[in-house]
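Structure file structure25.txt with compact mmCIF, C-alpha atoms:
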# COMPACT_ATOMS: atom_id res chain seq x y z
CA MET Q 261 36.98 41.44 -45.59
CA PHE Q 262 34.42 39.83 -47.91
CA LEU Q 263 36.94 39.83 -50.76
CA ALA Q 264 39.57 38.20 -48.56
CA ILE Q 265 37.14 35.45 -47.56
CA LEU Q 266 36.17 34.94 -51.20
CA ILE Q 267 39.81 34.64 -52.22
CA LEU Q 268 40.42 32.15 -49.40
CA ILE Q 269 37.45 30.03 -50.49
CA PHE Q 270 38.59 29.94 -54.11
CA THR Q 271 42.15 29.13 -53.01
CA LEU Q 272 40.91 26.24 -50.90
CA ILE Q 273 38.73 24.94 -53.74
CA PHE Q 274 41.65 25.13 -56.16
CA PHE Q 275 43.96 23.37 -53.71
CA LEU Q 276 41.36 20.66 -53.02
CA GLY Q 277 40.59 20.19 -56.69
CA TYR Q 278 44.20 20.00 -57.81
CA LEU Q 279 45.27 17.72 -54.99
CA SER Q 280 42.33 15.33 -55.31
CA SER Q 281 42.59 15.17 -59.12
CA SER Q 282 46.29 14.34 -58.78
CA ILE Q 283 45.38 11.25 -56.76
CA VAL Q 284 43.56 9.95 -59.84
CA LEU Q 285 45.83 11.29 -62.57
CA LYS Q 286 49.26 10.82 -61.02
CA VAL Q 287 49.20 7.27 -59.70
CA PRO Q 288 52.62 6.30 -58.26
CA ARG Q 289 54.58 3.97 -60.52
CA ALA Q 290 55.58 0.49 -59.43
CA ALA Q 291 58.47 -1.35 -61.09
CA ASN Q 292 57.87 -4.69 -62.81
CA GLU Q 293 59.17 -7.20 -60.26
CA PHE Q 294 58.63 -10.31 -62.36
CA ASN Q 295 58.65 -11.32 -66.00
CA PRO Q 296 57.33 -14.41 -67.82
CA LYS Q 297 60.68 -16.16 -67.32
CA SER Q 298 59.93 -16.11 -63.59
CA PHE Q 299 57.11 -18.56 -64.37
CA GLY Q 300 59.02 -20.69 -66.87
CA TYR Q 301 58.03 -18.94 -70.11
CA ASP Q 302 60.36 -17.36 -72.64
CA TYR Q 303 59.37 -13.91 -73.88
CA GLU Q 304 60.30 -11.03 -76.13
CA SER Q 305 60.24 -7.41 -75.00
CA PHE Q 306 58.74 -4.81 -77.33
CA ALA Q 307 57.96 -1.11 -77.43
CA THR Q 308 55.57 0.91 -79.55
CA PHE Q 309 53.98 4.35 -79.49
CA SER Q 310 50.39 5.44 -79.01
CA GLU Q 311 48.81 7.89 -81.44
CA ASP Q 312 49.76 10.72 -79.08
CA GLN Q 313 53.37 9.49 -79.04
CA ILE Q 314 53.50 7.87 -75.61
CA LYS Q 315 55.96 4.99 -75.44
CA ILE Q 316 54.27 1.72 -74.43
CA GLU Q 317 56.43 -1.22 -73.37
CA GLY Q 318 55.40 -4.85 -73.16
CA TRP Q 319 56.14 -8.57 -73.51
CA PHE Q 320 55.19 -11.13 -76.13
CA VAL Q 321 54.89 -14.72 -74.85
CA GLN Q 322 54.63 -17.60 -77.30
CA ALA Q 323 52.29 -20.42 -76.30
CA LYS Q 324 53.70 -23.77 -75.16
CA GLU Q 325 51.56 -25.43 -77.83
CA LYS Q 326 51.82 -24.06 -81.35
CA SER Q 327 49.05 -21.47 -81.70
CA SER Q 328 47.89 -18.76 -84.07
CA THR Q 329 45.53 -17.30 -81.44
CA LEU Q 330 46.62 -14.51 -79.13
CA LEU Q 331 45.26 -12.90 -75.97
CA PHE Q 332 46.06 -9.39 -74.78
CA VAL Q 333 46.29 -9.12 -70.98
CA LEU Q 334 45.51 -5.74 -69.38
CA HIS Q 335 46.45 -4.78 -65.83
CA GLY Q 336 44.66 -2.54 -63.34
CA TRP Q 337 45.09 1.03 -62.08
CA GLY Q 338 48.20 1.56 -59.98
CA ALA Q 339 49.64 -1.81 -61.04
CA ASN Q 340 51.69 -3.04 -63.99
CA ARG Q 341 52.04 -5.99 -66.36
CA SER Q 342 53.98 -8.12 -63.86
CA ASP Q 343 51.13 -7.87 -61.35
CA VAL Q 344 48.80 -9.95 -63.54
CA LEU Q 345 51.37 -12.58 -64.54
CA ALA Q 346 50.77 -15.03 -61.71
CA THR Q 347 47.02 -15.20 -62.32
CA THR Q 348 47.06 -15.27 -66.15
CA ILE Q 349 50.24 -16.98 -67.34
CA PHE Q 350 48.34 -20.29 -67.37
CA LEU Q 351 46.72 -19.03 -70.59
CA ALA Q 352 50.09 -19.44 -72.33
CA LYS Q 353 49.63 -23.20 -72.27
CA LYS Q 354 47.35 -22.77 -75.28
CA TYR Q 355 47.45 -19.13 -76.34
CA ASN Q 356 50.09 -16.60 -77.30
CA LEU Q 357 50.00 -13.72 -74.83
CA VAL Q 358 50.81 -10.02 -74.86
CA TYR Q 359 51.34 -8.03 -71.68
CA PHE Q 360 52.05 -4.30 -71.58
CA ASP Q 361 52.15 -1.37 -69.18
CA PHE Q 362 49.56 1.34 -69.64
CA ARG Q 363 50.94 4.89 -69.74
CA ASN Q 364 52.06 6.28 -66.38
CA HIS Q 365 52.44 2.67 -65.17
CA GLY Q 366 55.41 0.32 -65.01
CA SER Q 367 58.07 1.20 -67.58
CA SER Q 368 55.83 2.89 -70.14
CA GLY Q 369 55.94 6.63 -70.77
CA GLY Q 370 53.38 9.30 -69.97
CA ASP Q 371 52.64 11.25 -66.82
CA LYS Q 372 48.84 11.09 -66.55
CA THR Q 373 46.31 8.32 -66.11
CA SER Q 374 42.71 8.63 -67.30
CA LEU Q 375 41.48 5.08 -66.53
CA THR Q 376 39.62 5.17 -69.86
CA CYS Q 377 40.27 7.22 -73.01
CA LEU Q 378 44.07 7.44 -72.88
CA GLU Q 379 44.41 3.78 -71.96
CA ILE Q 380 42.21 2.83 -74.90
CA LYS Q 381 44.78 4.58 -77.13
CA ASP Q 382 47.54 2.52 -75.51
CA PHE Q 383 45.70 -0.74 -76.08
CA LYS Q 384 44.88 0.06 -79.69
CA ALA Q 385 48.52 0.94 -80.35
CA VAL Q 386 49.66 -2.43 -78.97
CA VAL Q 387 47.03 -4.31 -81.00
CA ASN Q 388 48.15 -2.56 -84.19
CA PHE Q 389 51.81 -3.25 -83.43
CA ILE Q 390 51.32 -6.94 -82.66
CA GLU Q 391 49.10 -7.51 -85.69
CA LYS Q 392 51.85 -6.06 -87.86
CA GLU Q 393 54.89 -7.63 -86.20
CA LYS Q 394 53.48 -11.03 -85.14
CA LYS Q 395 51.02 -11.86 -87.91
CA GLU Q 396 51.41 -15.61 -87.71
CA PHE Q 397 50.66 -15.61 -83.97
CA VAL Q 398 47.53 -13.45 -84.09
CA GLN Q 399 45.21 -14.91 -86.70
CA LYS Q 400 42.57 -14.85 -83.98
CA SER Q 401 42.63 -12.65 -80.89
CA GLY Q 402 40.88 -11.85 -77.63
CA VAL Q 403 41.51 -9.92 -74.45
CA PHE Q 404 41.56 -10.44 -70.70
CA GLY Q 405 41.47 -7.35 -68.50
CA PHE Q 406 41.47 -6.87 -64.75
CA SER Q 407 39.83 -3.89 -62.98
CA MET Q 408 40.74 -0.80 -65.04
CA GLY Q 409 42.08 -3.21 -67.65
CA GLY Q 410 38.71 -4.94 -67.74
CA SER Q 411 36.95 -1.66 -68.36
CA VAL Q 412 39.41 -0.76 -71.12
CA ALA Q 413 38.95 -4.22 -72.63
CA ILE Q 414 35.21 -3.58 -72.96
CA SER Q 415 35.39 0.01 -74.24
CA ALA Q 416 38.24 -0.62 -76.67
CA GLY Q 417 36.94 -4.07 -77.58
CA ALA Q 418 33.72 -2.53 -78.85
CA GLU Q 419 35.82 -0.67 -81.45
CA LEU Q 420 38.21 -3.54 -82.26
CA PRO Q 421 36.08 -6.08 -84.14
CA GLN Q 422 39.03 -8.46 -84.56
CA LEU Q 423 38.81 -9.27 -80.83
CA GLN Q 424 36.53 -12.30 -80.82
CA ALA Q 425 36.33 -12.83 -77.06
CA ILE Q 426 36.50 -10.44 -74.10
CA VAL Q 427 36.96 -11.33 -70.43
CA ALA Q 428 36.63 -8.48 -67.94
CA GLU Q 429 37.35 -9.25 -64.29
CA SER Q 430 36.10 -6.64 -61.79
CA PRO Q 431 35.54 -3.83 -64.30
CA PHE Q 432 33.86 -0.55 -63.46
CA ALA Q 433 30.80 0.50 -65.44
CA SER Q 434 31.02 4.29 -65.03
CA TYR Q 435 34.20 6.31 -64.54
CA GLU Q 436 32.47 9.08 -62.62
CA GLU Q 437 30.63 6.75 -60.25
CA THR Q 438 33.90 4.96 -59.57
CA VAL Q 439 35.55 8.23 -58.56
CA TYR Q 440 32.59 8.94 -56.24
CA ARG Q 441 32.87 5.46 -54.73
CA PHE Q 442 36.64 5.57 -54.22
CA ALA Q 443 36.45 9.05 -52.70
CA LYS Q 444 34.03 7.79 -50.07
CA LEU Q 445 35.64 4.38 -49.56
CA PHE Q 446 39.27 5.49 -49.18
CA TYR Q 447 39.01 9.14 -48.11
CA GLY Q 448 35.58 9.48 -46.51
CA ALA Q 449 34.85 12.39 -48.84
CA PRO Q 450 31.22 13.57 -48.95
CA ARG Q 451 29.54 13.29 -52.35
CA PHE Q 452 29.23 17.06 -52.87
CA VAL Q 453 33.05 17.40 -52.91
CA VAL Q 454 33.64 15.00 -55.82
CA PRO Q 455 32.35 17.29 -58.62
CA ILE Q 456 35.30 19.58 -57.84
CA THR Q 457 37.67 16.65 -58.37
CA LEU Q 458 35.92 15.66 -61.60
CA TYR Q 459 36.07 19.24 -62.90
CA PHE Q 460 39.83 19.44 -62.30
CA ILE Q 461 40.40 16.02 -63.86
CA GLN Q 462 38.55 17.08 -66.98
CA ALA Q 463 40.36 20.43 -67.12
CA ARG Q 464 43.79 18.83 -66.77
CA LEU Q 465 43.10 16.08 -69.29
CA GLY Q 466 41.27 18.27 -71.78
CA PHE Q 467 38.36 15.84 -72.09
CA ASN Q 468 35.77 14.06 -69.97
CA PRO Q 469 36.87 10.46 -69.21
CA GLU Q 470 33.27 9.45 -68.58
CA LYS Q 471 32.63 9.40 -72.32
CA CYS Q 472 34.88 6.33 -72.57
CA SER Q 473 33.21 4.40 -69.73
CA PRO Q 474 32.36 0.79 -70.68
CA ILE Q 475 28.67 1.25 -69.88
CA HIS Q 476 28.48 3.29 -73.10
CA PHE Q 477 30.21 0.61 -75.21
CA VAL Q 478 29.33 -2.81 -73.84
CA SER Q 479 26.22 -3.24 -76.01
CA LYS Q 480 28.42 -2.98 -79.12
CA ILE Q 481 30.49 -6.08 -78.36
CA ALA Q 482 27.89 -8.59 -79.60
CA PRO Q 483 27.89 -10.87 -81.49
CA ARG Q 484 31.32 -11.51 -79.99
CA ALA Q 485 31.56 -13.33 -76.66
CA LEU Q 486 31.76 -11.47 -73.34
CA LEU Q 487 32.51 -12.86 -69.86
CA ILE Q 488 32.27 -10.57 -66.83
CA ILE Q 489 33.75 -11.83 -63.54
CA GLN Q 490 32.95 -10.21 -60.18
CA GLY Q 491 33.94 -10.85 -56.58
CA GLY Q 492 30.94 -11.07 -54.26
CA ASN Q 493 32.63 -9.01 -51.51
CA ASP Q 494 34.44 -6.51 -53.73
CA LEU Q 495 33.95 -3.02 -52.31
CA ARG Q 496 36.12 -1.31 -54.93
CA MET Q 497 34.21 -2.77 -57.88
CA PRO Q 498 30.99 -4.12 -56.36
CA VAL Q 499 28.74 -6.66 -58.02
CA LYS Q 500 26.39 -3.91 -59.21
CA GLU Q 501 29.12 -2.71 -61.61
CA GLY Q 502 29.37 -6.04 -63.38
CA GLN Q 503 25.62 -6.51 -63.24
CA ALA Q 504 25.04 -3.13 -64.90
CA LEU Q 505 27.43 -4.05 -67.71
CA TYR Q 506 25.91 -7.51 -68.09
CA ASP Q 507 22.39 -6.07 -68.26
CA ARG Q 508 23.41 -3.59 -70.96
CA ALA Q 509 25.36 -6.18 -72.99
CA ARG Q 510 23.77 -8.36 -75.66
CA GLU Q 511 24.19 -12.09 -76.21
CA PRO Q 512 26.44 -14.03 -76.11
CA LYS Q 513 27.34 -12.97 -72.58
CA GLU Q 514 28.13 -14.52 -69.20
CA LEU Q 515 28.30 -13.14 -65.67
CA TRP Q 516 30.29 -15.15 -63.12
CA ILE Q 517 29.93 -13.88 -59.54
CA VAL Q 518 32.24 -15.57 -57.05
CA PRO Q 519 30.84 -15.28 -53.48
CA GLU Q 520 32.96 -14.08 -50.56
CA THR Q 521 35.84 -12.77 -52.66
CA ASP Q 522 37.43 -9.33 -52.64
CA HIS Q 523 39.07 -7.33 -55.42
CA GLY Q 524 41.74 -9.42 -57.13
CA ALA Q 525 41.19 -12.46 -54.89
CA ILE Q 526 39.10 -14.68 -57.17
CA PHE Q 527 42.07 -16.63 -58.52
CA GLU Q 528 43.35 -17.32 -55.01
CA LYS Q 529 40.06 -18.76 -53.80
CA ASN Q 530 40.02 -21.58 -56.32
CA PRO Q 531 42.80 -21.45 -58.95
CA GLU Q 532 41.63 -24.62 -60.71
CA GLU Q 533 38.05 -23.41 -61.12
CA TYR Q 534 39.27 -19.99 -62.21
CA GLN Q 535 41.57 -21.40 -64.88
CA LYS Q 536 38.96 -23.83 -66.17
CA LYS Q 537 36.27 -21.16 -66.38
CA ILE Q 538 38.41 -18.78 -68.41
CA LEU Q 539 40.00 -21.40 -70.63
CA ASP Q 540 36.61 -22.96 -71.38
CA PHE Q 541 35.24 -19.54 -72.29
CA PHE Q 542 38.07 -18.74 -74.70
CA ASP Q 543 38.10 -22.26 -76.16
CA LYS Q 544 34.39 -22.01 -76.90
CA ALA Q 545 34.70 -18.51 -78.35
CA PHE Q 546 37.56 -19.55 -80.62
CA LYS Q 547 35.93 -22.94 -81.33
CA ILE Q 548 38.94 -24.82 -79.98
CA LEU Q 549 37.84 -28.31 -78.90

Just give me the structure as structure tokens.
Amino acid sequence: MFLAILILIFTLIFFLGYLSSSIVLKVPRAANEFNPKSFGYDYESFATFSEDQIKIEGWFVQAKEKSSTLLFVLHGWGANRSDVLATTIFLAKKYNLVYFDFRNHGSSGGDKTSLTCLEIKDFKAVVNFIEKEKKEFVQKSGVFGFSMGGSVAISAGAELPQLQAIVAESPFASYEETVYRFAKLFYGAPRFVVPITLYFIQARLGFNPEKCSPIHFVSKIAPRALLIIQGGNDLRMPVKEGQALYDRAREPKELWIVPETDHGAIFEKNPEEYQKKILDFFDKAFKIL
């Protein structure tokens, strides 16, 4: 009887761990509904491969004004490159842009999402590809990332010194704390259950994603410019996440908290202010008057 109960407990733990880890690792794909042409911009499609041979697909958008400065635009978890077009394509007035789908998102390859380490590989692969194939358009470069993309922008940006300016909107500071927060927020899971999820995530990935959390990298961005943007009512990525990153970062740095805004709603509240804030930041970082 005792053995049967023990087997049942271990079976339930395994089922819980595998199922809950799949929610994080196996995010459902969404097709790219729009492309830059939808917003009046011509573009080129491209594909490259990460160091672990995952196919990464993206778009290159040439600026309306002749420019040798380029910005990489990184989307969030469970989204794709078309999801960030409407709120970032304004940057193409002055800057060349690159959009791409992280692995296990949009039309890119891969079947697992780590939110950190694997996505850093994807970003680095795209940077290397663009610097080789579009040299004249990327004499200077920076990055804008939203949510997971913001976190990747910080962690990868710390190891990509050619990125002179980094904007991270609604990033998380710690991978593990984000899993704890989402488990409670969306599933009502008690805190003691989450370590099982984290154990299975690590076992299935073969590494601990926490080691790539931006809180461990943000201090290495200086002396390059960093802007962190947070929504005041964002429950997914609360203000404390951006504040923790800002506190750990070194100058030059900025923290822009927009009151009464939820996750991904900052642009909608005041598009003009949003565009001006980000353009002014990049213009200053790149010394464009």

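Using only C-alpha atoms, the smallest distance between any of Q:Gln424, Q:Ser367, Q:Thr308, Q:Ser411 and Asn388 in chain Q comes from Q:Thr308.
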
Which residues of range 303-398 of chain Q have any atom within 12 Å of an atom in range 443-461 of chain Q when counting only C-alpha atoms, and what is the closest pair of atoms for each, with the distance in Å to one decimal? Order the rows by chain and rising number and write it as JSON lines.
{"residue": "Q:Lys372", "atom": "CA", "partner": "Q:Ile461", "partner_atom": "CA", "distance": 10.1}
{"residue": "Q:Thr373", "atom": "CA", "partner": "Q:Ile461", "partner_atom": "CA", "distance": 10.0}
{"residue": "Q:Ser374", "atom": "CA", "partner": "Q:Ile461", "partner_atom": "CA", "distance": 8.5}
{"residue": "Q:Leu375", "atom": "CA", "partner": "Q:Ile461", "partner_atom": "CA", "distance": 11.3}

I need the residues from that last selection saved to file as an mmCIF file, keeping the file's coordinate frame (with C-alpha atoms), if you can.
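After the write, again_31.cif holds the following:
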data_model
loop_
_atom_site.group_PDB
_atom_site.id
_atom_site.type_symbol
_atom_site.label_atom_id
_atom_site.label_comp_id
_atom_site.auth_asym_id
_atom_site.auth_seq_id
_atom_site.Cartn_x
_atom_site.Cartn_y
_atom_site.Cartn_z
ATOM 1 C CA LYS Q 372 48.840 11.090 -66.550
ATOM 2 C CA THR Q 373 46.310 8.320 -66.110
ATOM 3 C CA SER Q 374 42.710 8.630 -67.300
ATOM 4 C CA LEU Q 375 41.480 5.080 -66.530
#

Completion exercise
Here CA of Gln322 in chain Q and CA of Glu533 in chain Q stand apart by 23.9 Å

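Minimum atom-to-atom distance to Leu331 in chain Q, evaluated using all atoms listed in the file, belongs to Q:Ile538 out of Q:Ile481, Q:Ala509, Q:Ile538, Q:Leu515.
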
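Across the model, the gap from CA of Phe309 in chain Q to CA of Lys381 in chain Q is 9.5 Å.
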
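The smallest atom-to-atom distance between Leu495 in chain Q and any of Q:Phe467, Q:Phe546, Q:Phe294, Q:Phe432, using all atoms listed in the file, is found for Q:Phe432.
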
Practice task
Compile the contact shell of Ala290 in chain Q as an MDAnalysis selection string: residues with an atom at most 7 Å away, counting all atoms listed in the file, same-chain residues fewer than 3 positions apart removed.
Solution key: chainID Q and resid 339:340 365:366

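All residues that come within 9 Å of the coordinates (28.5, -12.1, -52.7), counting only C-alpha atoms, are given as Gln490, Gly491, Gly492, Asn493, Asp494, Val499, Ile517, Val518, Pro519, Glu520 and Thr521 of chain Q.
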
Handout entry: His476 in chain Q surroundings by only C-alpha atoms, 12 Å radius, close-in-sequence under 6 positions cut, as a PyMOL selection string
Key = chain Q and resi 376+411-412+414-416+418-419+432-435+469-470+504-505+508-509

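Going from CA of Pro288 in chain Q to CA of Leu357 in chain Q covers 26.1 Å.
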
Practice task
Fewer than 5 positions away in the same chain doesn't count, so skip those; otherwise give me all residues within 12 Å of Leu378 in chain Q, counting all atoms listed in the file, as a ChimeraX atom specification.
Solution key: /Q:285,310-314,316,362-364,370-373,383-385,408,412,415-416,465-473

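Shortest atom-to-atom contact with Lys297 in chain Q among Q:Val284, Q:Cys377, Q:Lys400, Q:Leu345: Q:Leu345, counting all atoms listed in the file.
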
Problem - Nearest to Leu486 in chain Q by atom-to-atom distance, counting all atoms listed in the file, from Q:Gly277, Q:Gly336, Q:Gly524, Q:Gly410 - result: Q:Gly410

Could you please fill out range 521-545 of chain Q with N, CA and C atoms and send it back as a PDB file, in the frame of the given file?
ATOM      1  N   THR Q 521      34.514 -13.106 -52.153  1.00  0.00           N
ATOM      2  CA  THR Q 521      35.840 -12.770 -52.660  1.00  0.00           C
ATOM      3  C   THR Q 521      35.971 -11.272 -52.868  1.00  0.00           C
ATOM      4  N   ASP Q 522      37.148 -10.756 -52.533  1.00  0.00           N
ATOM      5  CA  ASP Q 522      37.430  -9.330 -52.640  1.00  0.00           C
ATOM      6  C   ASP Q 522      38.100  -9.035 -53.984  1.00  0.00           C
ATOM      7  N   HIS Q 523      38.454  -7.793 -54.174  1.00  0.00           N
ATOM      8  CA  HIS Q 523      39.070  -7.330 -55.420  1.00  0.00           C
ATOM      9  C   HIS Q 523      40.390  -8.052 -55.652  1.00  0.00           C
ATOM     10  N   GLY Q 524      40.502  -8.740 -56.771  1.00  0.00           N
ATOM     11  CA  GLY Q 524      41.740  -9.420 -57.130  1.00  0.00           C
ATOM     12  C   GLY Q 524      41.988 -10.720 -56.399  1.00  0.00           C
ATOM     13  N   ALA Q 525      40.986 -11.251 -55.692  1.00  0.00           N
ATOM     14  CA  ALA Q 525      41.190 -12.460 -54.890  1.00  0.00           C
ATOM     15  C   ALA Q 525      40.466 -13.682 -55.441  1.00  0.00           C
ATOM     16  N   ILE Q 526      39.877 -13.568 -56.625  1.00  0.00           N
ATOM     17  CA  ILE Q 526      39.100 -14.680 -57.170  1.00  0.00           C
ATOM     18  C   ILE Q 526      40.000 -15.851 -57.539  1.00  0.00           C
ATOM     19  N   PHE Q 527      41.128 -15.571 -58.156  1.00  0.00           N
ATOM     20  CA  PHE Q 527      42.070 -16.630 -58.520  1.00  0.00           C
ATOM     21  C   PHE Q 527      42.516 -17.406 -57.282  1.00  0.00           C
ATOM     22  N   GLU Q 528      42.826 -16.684 -56.212  1.00  0.00           N
ATOM     23  CA  GLU Q 528      43.350 -17.320 -55.010  1.00  0.00           C
ATOM     24  C   GLU Q 528      42.336 -18.248 -54.343  1.00  0.00           C
ATOM     25  N   LYS Q 529      41.065 -17.936 -54.466  1.00  0.00           N
ATOM     26  CA  LYS Q 529      40.060 -18.760 -53.800  1.00  0.00           C
ATOM     27  C   LYS Q 529      40.012 -20.159 -54.373  1.00  0.00           C
ATOM     28  N   ASN Q 530      40.056 -20.270 -55.681  1.00  0.00           N
ATOM     29  CA  ASN Q 530      40.020 -21.580 -56.320  1.00  0.00           C
ATOM     30  C   ASN Q 530      40.712 -21.484 -57.679  1.00  0.00           C
ATOM     31  N   PRO Q 531      42.054 -21.615 -57.691  1.00  0.00           N
ATOM     32  CA  PRO Q 531      42.800 -21.450 -58.950  1.00  0.00           C
ATOM     33  C   PRO Q 531      42.352 -22.405 -60.049  1.00  0.00           C
ATOM     34  N   GLU Q 532      42.033 -23.637 -59.693  1.00  0.00           N
ATOM     35  CA  GLU Q 532      41.630 -24.620 -60.710  1.00  0.00           C
ATOM     36  C   GLU Q 532      40.323 -24.222 -61.377  1.00  0.00           C
ATOM     37  N   GLU Q 533      39.342 -23.824 -60.567  1.00  0.00           N
ATOM     38  CA  GLU Q 533      38.050 -23.410 -61.120  1.00  0.00           C
ATOM     39  C   GLU Q 533      38.213 -22.160 -61.978  1.00  0.00           C
ATOM     40  N   TYR Q 534      39.017 -21.237 -61.499  1.00  0.00           N
ATOM     41  CA  TYR Q 534      39.270 -19.990 -62.210  1.00  0.00           C
ATOM     42  C   TYR Q 534      39.880 -20.259 -63.587  1.00  0.00           C
ATOM     43  N   GLN Q 535      40.909 -21.087 -63.608  1.00  0.00           N
ATOM     44  CA  GLN Q 535      41.570 -21.400 -64.880  1.00  0.00           C
ATOM     45  C   GLN Q 535      40.625 -22.117 -65.833  1.00  0.00           C
ATOM     46  N   LYS Q 536      39.883 -23.078 -65.315  1.00  0.00           N
ATOM     47  CA  LYS Q 536      38.960 -23.830 -66.170  1.00  0.00           C
ATOM     48  C   LYS Q 536      37.882 -22.929 -66.752  1.00  0.00           C
ATOM     49  N   LYS Q 537      37.332 -22.050 -65.927  1.00  0.00           N
ATOM     50  CA  LYS Q 537      36.270 -21.160 -66.380  1.00  0.00           C
ATOM     51  C   LYS Q 537      36.740 -20.287 -67.534  1.00  0.00           C
ATOM     52  N   ILE Q 538      37.910 -19.704 -67.394  1.00  0.00           N
ATOM     53  CA  ILE Q 538      38.410 -18.780 -68.410  1.00  0.00           C
ATOM     54  C   ILE Q 538      38.873 -19.516 -69.659  1.00  0.00           C
ATOM     55  N   LEU Q 539      39.563 -20.623 -69.473  1.00  0.00           N
ATOM     56  CA  LEU Q 539      40.000 -21.400 -70.630  1.00  0.00           C
ATOM     57  C   LEU Q 539      38.807 -21.949 -71.414  1.00  0.00           C
ATOM     58  N   ASP Q 540      37.810 -22.446 -70.702  1.00  0.00           N
ATOM     59  CA  ASP Q 540      36.610 -22.960 -71.380  1.00  0.00           C
ATOM     60  C   ASP Q 540      35.929 -21.863 -72.182  1.00  0.00           C
ATOM     61  N   PHE Q 541      35.885 -20.668 -71.607  1.00  0.00           N
ATOM     62  CA  PHE Q 541      35.240 -19.540 -72.290  1.00  0.00           C
ATOM     63  C   PHE Q 541      35.987 -19.207 -73.591  1.00  0.00           C
ATOM     64  N   PHE Q 542      37.305 -19.071 -73.505  1.00  0.00           N
ATOM     65  CA  PHE Q 542      38.070 -18.740 -74.700  1.00  0.00           C
ATOM     66  C   PHE Q 542      38.040 -19.886 -75.716  1.00  0.00           C
ATOM     67  N   ASP Q 543      38.147 -21.114 -75.238  1.00  0.00           N
ATOM     68  CA  ASP Q 543      38.100 -22.260 -76.160  1.00  0.00           C
ATOM     69  C   ASP Q 543      36.794 -22.284 -76.938  1.00  0.00           C
ATOM     70  N   LYS Q 544      35.707 -22.023 -76.246  1.00  0.00           N
ATOM     71  CA  LYS Q 544      34.390 -22.010 -76.900  1.00  0.00           C
ATOM     72  C   LYS Q 544      34.294 -20.854 -77.892  1.00  0.00           C
ATOM     73  N   ALA Q 545      34.777 -19.687 -77.472  1.00  0.00           N
ATOM     74  CA  ALA Q 545      34.700 -18.510 -78.350  1.00  0.00           C
ATOM     75  C   ALA Q 545      35.507 -18.689 -79.622  1.00  0.00           C
TER      76      ALA Q 545
END
